[in-house]
Amino acid sequence: MKRMILGACLVLSTAIATTPTGAQTSSVATLDPALVEQAAKLRAKGLSDQQGYKLIEGLTTEIGPRLAGSDREAAARQWALKTLKDLGFETARIEPFTMDGWARGVETARIVGEADQPLHITALGGSVATPEDGITAQVVRFTDLYELEAAPEGSLDGKIAFVDLKLYRSQDGSGYGNTNYIRGNSPSVAAQKGAVGVLIRSVGTDSHRFPHTGGTRYKDGIAKIPAAALSNPDADQLARLLERGTAQVHMTLTPKALGPVQSGNVIAEIKGTEQPEKIIVIGGHLDSWDLGTGAVDDGAGVGITMAALKLIKDSGFAPKRTIRLVLWGAEEVGLLGARAYAEAHKDELADHVIAAESDFGAGRVWDFRTRVGEEDLPFTNAIHRQLRPLGIGRGANDSGGGPDVIPLRMAGVPVAALYQDGTDYFDLHHTANDTFDKIDLADIQQNIAAYAVFAWLTANLDVEFRPQADAPEQAGTQN
């Protein structure tokens with residue numbers, strides 16, 4: 001298929017900037033000068049935008065924590081709907097779906113015996129409760145899930161398993177996927193060995209007594225046991241005590257399963273003038289865990305992408321294709337909103353041109369990655385040229401696009417990622433310390449500029465971005 005940009009003939013430049021990873025070696029398409037000028041204006045306006053910062057402040061202040069399926073998440077949907085309509089998106093709407101609810105209760109733990117002292121813990125999302133008066137049991141430490149899996153069946157009868165795996169700091173958060181598996185899998189593995197409870201080291205990089213929550217899951221046919229995360233200093237403390245001998249912990253958790261409850265996705269868009277059926281998706285997730293106020297995860301993504309869409313709307317420029325904002329619900333508990341969106345829109349996924357989610361905090365964007373057809377790399381490289389003045393490098397063509405676009409990617413939709421600096425992200429992630437004071441105005445403005453440029457250019461290129469043949473993928477989550 002012949003590919004052109006706004007009617008201008010395609011010209012390929014032989015020059016291309018490379019990244020430290022040697023990510024791209026393809027040529028660069030030359031954009032229509034008018035399109036470049038429009039992108040430059042959006043970029044400049046984004047860098048002075050005040051709207052995104054105010055939106056994050058409004059969401060985290062007026063609504064606060066937004067646990068999936070809770071009354072506060074419902075309030076967040078109404079906040080988003082009203083705010084979008086006030087911003088001029090009169091057709092903004094909610095697409096509801098049903099999920100199983102869960103609510104946190106009392107969560108306490110302490111070491112008992114000669115070294116009697118409190119521990120700072122938080123229940124993992126979806127955990128079952130302990131008996132009303134808690135459990136007291138000897139603790140057995142494992143350095144990772146593999147060591148726990150190797151333990152003989154019955155070796156943990158009546159005991160608490162402690163999985164002590166550290167998450168190491170990185171700019172792109174690459175260690176998270178290799179660490180958070182202990183959160184989802186440890187309870188069922190420990191139960192198979194006879195454990196009555198499980199503690200994990202928080203999946204976080206901080207050294208504060210803020211435990212990190214996050215969803216866990218239970219395998220069918222295996223006993224469900226209570227599961228909690230220790231703050232990193234408390235995990236260190238427990239490990240040191242176990243080096244000296246044995247330790248017993250008393251733990252009480254009283255969460256509740258609520259049965260079917262409602263969540264939903266909030267959607268707004270700018271209709272395309274020439275190809276309204278073709279859709280560019282940007283967005284963030286509206287829900288958060290209930291310990292903090294969900295500022296960096298993911299109030300930032302909500303404010304950034306809402307403001308980017310508003311910036312384009314107010315620019316007076318009309319996109320050829322539709323730019324759709326999706327504020328997904330119930331991301332933290334298994335990408336439920338993402339799956340509901342993909343199902344509700346399955347008949348139009350072939351017309352989804354590209355998708356990107358802002359869900360890695362509030363740091364500056366430093367890298368632009370894609371997952372598009374190899375023949376279209378000259379066009380994504382051209383987009384990168386318009387992002388480069390924002391200090392953004394060019395990454396590889398292997399992007400995941402963000403957690404909530406996984407179902408779209410698996411359906412064959414091309415994706416991109418504007419990678420934020422996540423060096424400190426897992427200091428705050430899923431903790432009570434995830435609050436609005438961590439948001440920096442200048443960083444948010446740079447993100448808004450980047451998303452506005454990305455959405456505008458992809459909405460105006462006569463390029464499908466879709467690979468000619470997609471390799472099969474396996475489902476996964478990064479929530």
# chains A, B, ... in the order shown; residues from 1 in each chain; ligands from 1

$ residues_around --residues "Leu291 (chain A)" --least-positions-apart "4" --cutoff "10 Å" --atoms "only C-alpha atoms" --output "list of chain:residue names"
A:Gly64, A:Pro65, A:Arg66, A:Leu67, A:Arg104, A:Thr122, A:Phe210, A:Pro211, A:His212, A:Thr213, A:His430, A:Thr431, A:Ala432, A:Asn433, A:Asp434, A:Thr435

$ closest_residue --among "A:Ala318, A:Ile121, A:Ala355, A:Ile312" --to "Glu274 (chain A)" --atoms "only C-alpha atoms"
A:Ala318

$ atom_distance --atom1 "CA of Trp102 (chain A)" --atom2 "CA of Ala129 (chain A)"
11.3 Å

$ residues_around --residues "Val189 (chain A)" --least-positions-apart "2" --cutoff "9 Å" --atoms "only C-alpha atoms" --output "count of residues only"
12

$ residues_around --residues "Leu327 (chain A)" --least-positions-apart "3" --cutoff "8 Å" --atoms "only C-alpha atoms" --output "JSON, numbers by chain"
{"A": [265, 266, 267, 283, 284, 285, 286, 302]}

$ closest_residue --among "A:Val353, A:Val281, A:Ala307, A:Val365" --to "Tyr341 (chain A)" --atoms "only C-alpha atoms"
A:Val281

$ closest_residue --among "A:Glu147, A:Asp234, A:Glu357, A:Asp86" --to "Ile304 (chain A)" --atoms "only C-alpha atoms"
A:Glu357

$ select_by_dssp --residues "region 52-285 of chain A" --states "strand (DSSP E or B)" --output "NGL selection string"
:A and (93-103 or 107-112 or 117-119 or 121-123 or 125 or 135-142 or 160-163 or 197-201 or 215 or 227-230 or 248-253 or 256-270 or 275-285)

$ residues_around --residues "Leu336 (chain A)" --least-positions-apart "4" --cutoff "12 Å" --atoms "only C-alpha atoms" --output "NGL selection string"
:A and (68-69 or 96-101 or 262-265 or 285-287 or 328-332 or 340-343 or 403-407 or 477 or 479)

$ closest_residue --among "A:Ala362, A:Leu35, A:Ala396, A:Met410" --to "Glu374 (chain A)" --atoms "only C-alpha atoms"
A:Ala396

$ closest_residue --among "A:Asp359, A:Glu107, A:Asp437, A:Glu114" --to "Gly245 (chain A)" --atoms "only C-alpha atoms"
A:Glu114

$ closest_residue --among "A:Gln117, A:Thr293, A:Asn178, A:Ser358" --to "Leu238 (chain A)" --atoms "only C-alpha atoms"
A:Gln117

$ residues_around --residues "Leu59 (chain A)" --least-positions-apart "6" --cutoff "8 Å" --atoms "only C-alpha atoms" --output "VMD selection string"
chain A and resid 76 79 299

$ atom_distance --atom1 "CA of Ile135 (chain A)" --atom2 "CA of Ala109 (chain A)"
9.5 Å

$ residues_around --residues "region 449-453 of chain A" --least-positions-apart "2" --cutoff "8 Å" --atoms "only C-alpha atoms" --output "ChimeraX atom specification"
/A:39-40,42-47,304-305,308-309,311-312,365,386-387,390,418,445-447,455-457

$ atom_distance --atom1 "CA of Phe465 (chain A)" --atom2 "CA of Val372 (chain A)"
5.1 Å

$ select_by_dssp --residues "region 149-184 of chain A" --states "helix (DSSP H, G or I)" --output "MDAnalysis selection string"
chainID A and resid 149 181:184

$ write_last_selection --atoms "N, CA and C atoms" --output "short mmCIF file (atom, residue, chain, number, x, y, z; two decimals), in the first residue's frame"
data_model
loop_
_atom_site.label_atom_id
_atom_site.label_comp_id
_atom_site.auth_asym_id
_atom_site.auth_seq_id
_atom_site.Cartn_x
_atom_site.Cartn_y
_atom_site.Cartn_z
N GLU A 149 9.01 -22.65 45.73
CA GLU A 149 8.47 -23.75 44.92
C GLU A 149 9.21 -25.05 45.15
N TYR A 181 6.07 -10.77 40.27
CA TYR A 181 5.45 -12.09 40.19
C TYR A 181 5.31 -12.73 41.57
N ILE A 182 6.17 -12.34 42.52
CA ILE A 182 6.04 -12.92 43.86
C ILE A 182 4.74 -12.49 44.51
N ARG A 183 4.25 -11.30 44.16
CA ARG A 183 3.01 -10.78 44.75
C ARG A 183 1.81 -11.59 44.28
N GLY A 184 1.79 -11.92 43.01
CA GLY A 184 0.64 -12.63 42.48
C GLY A 184 0.65 -14.11 42.75
#
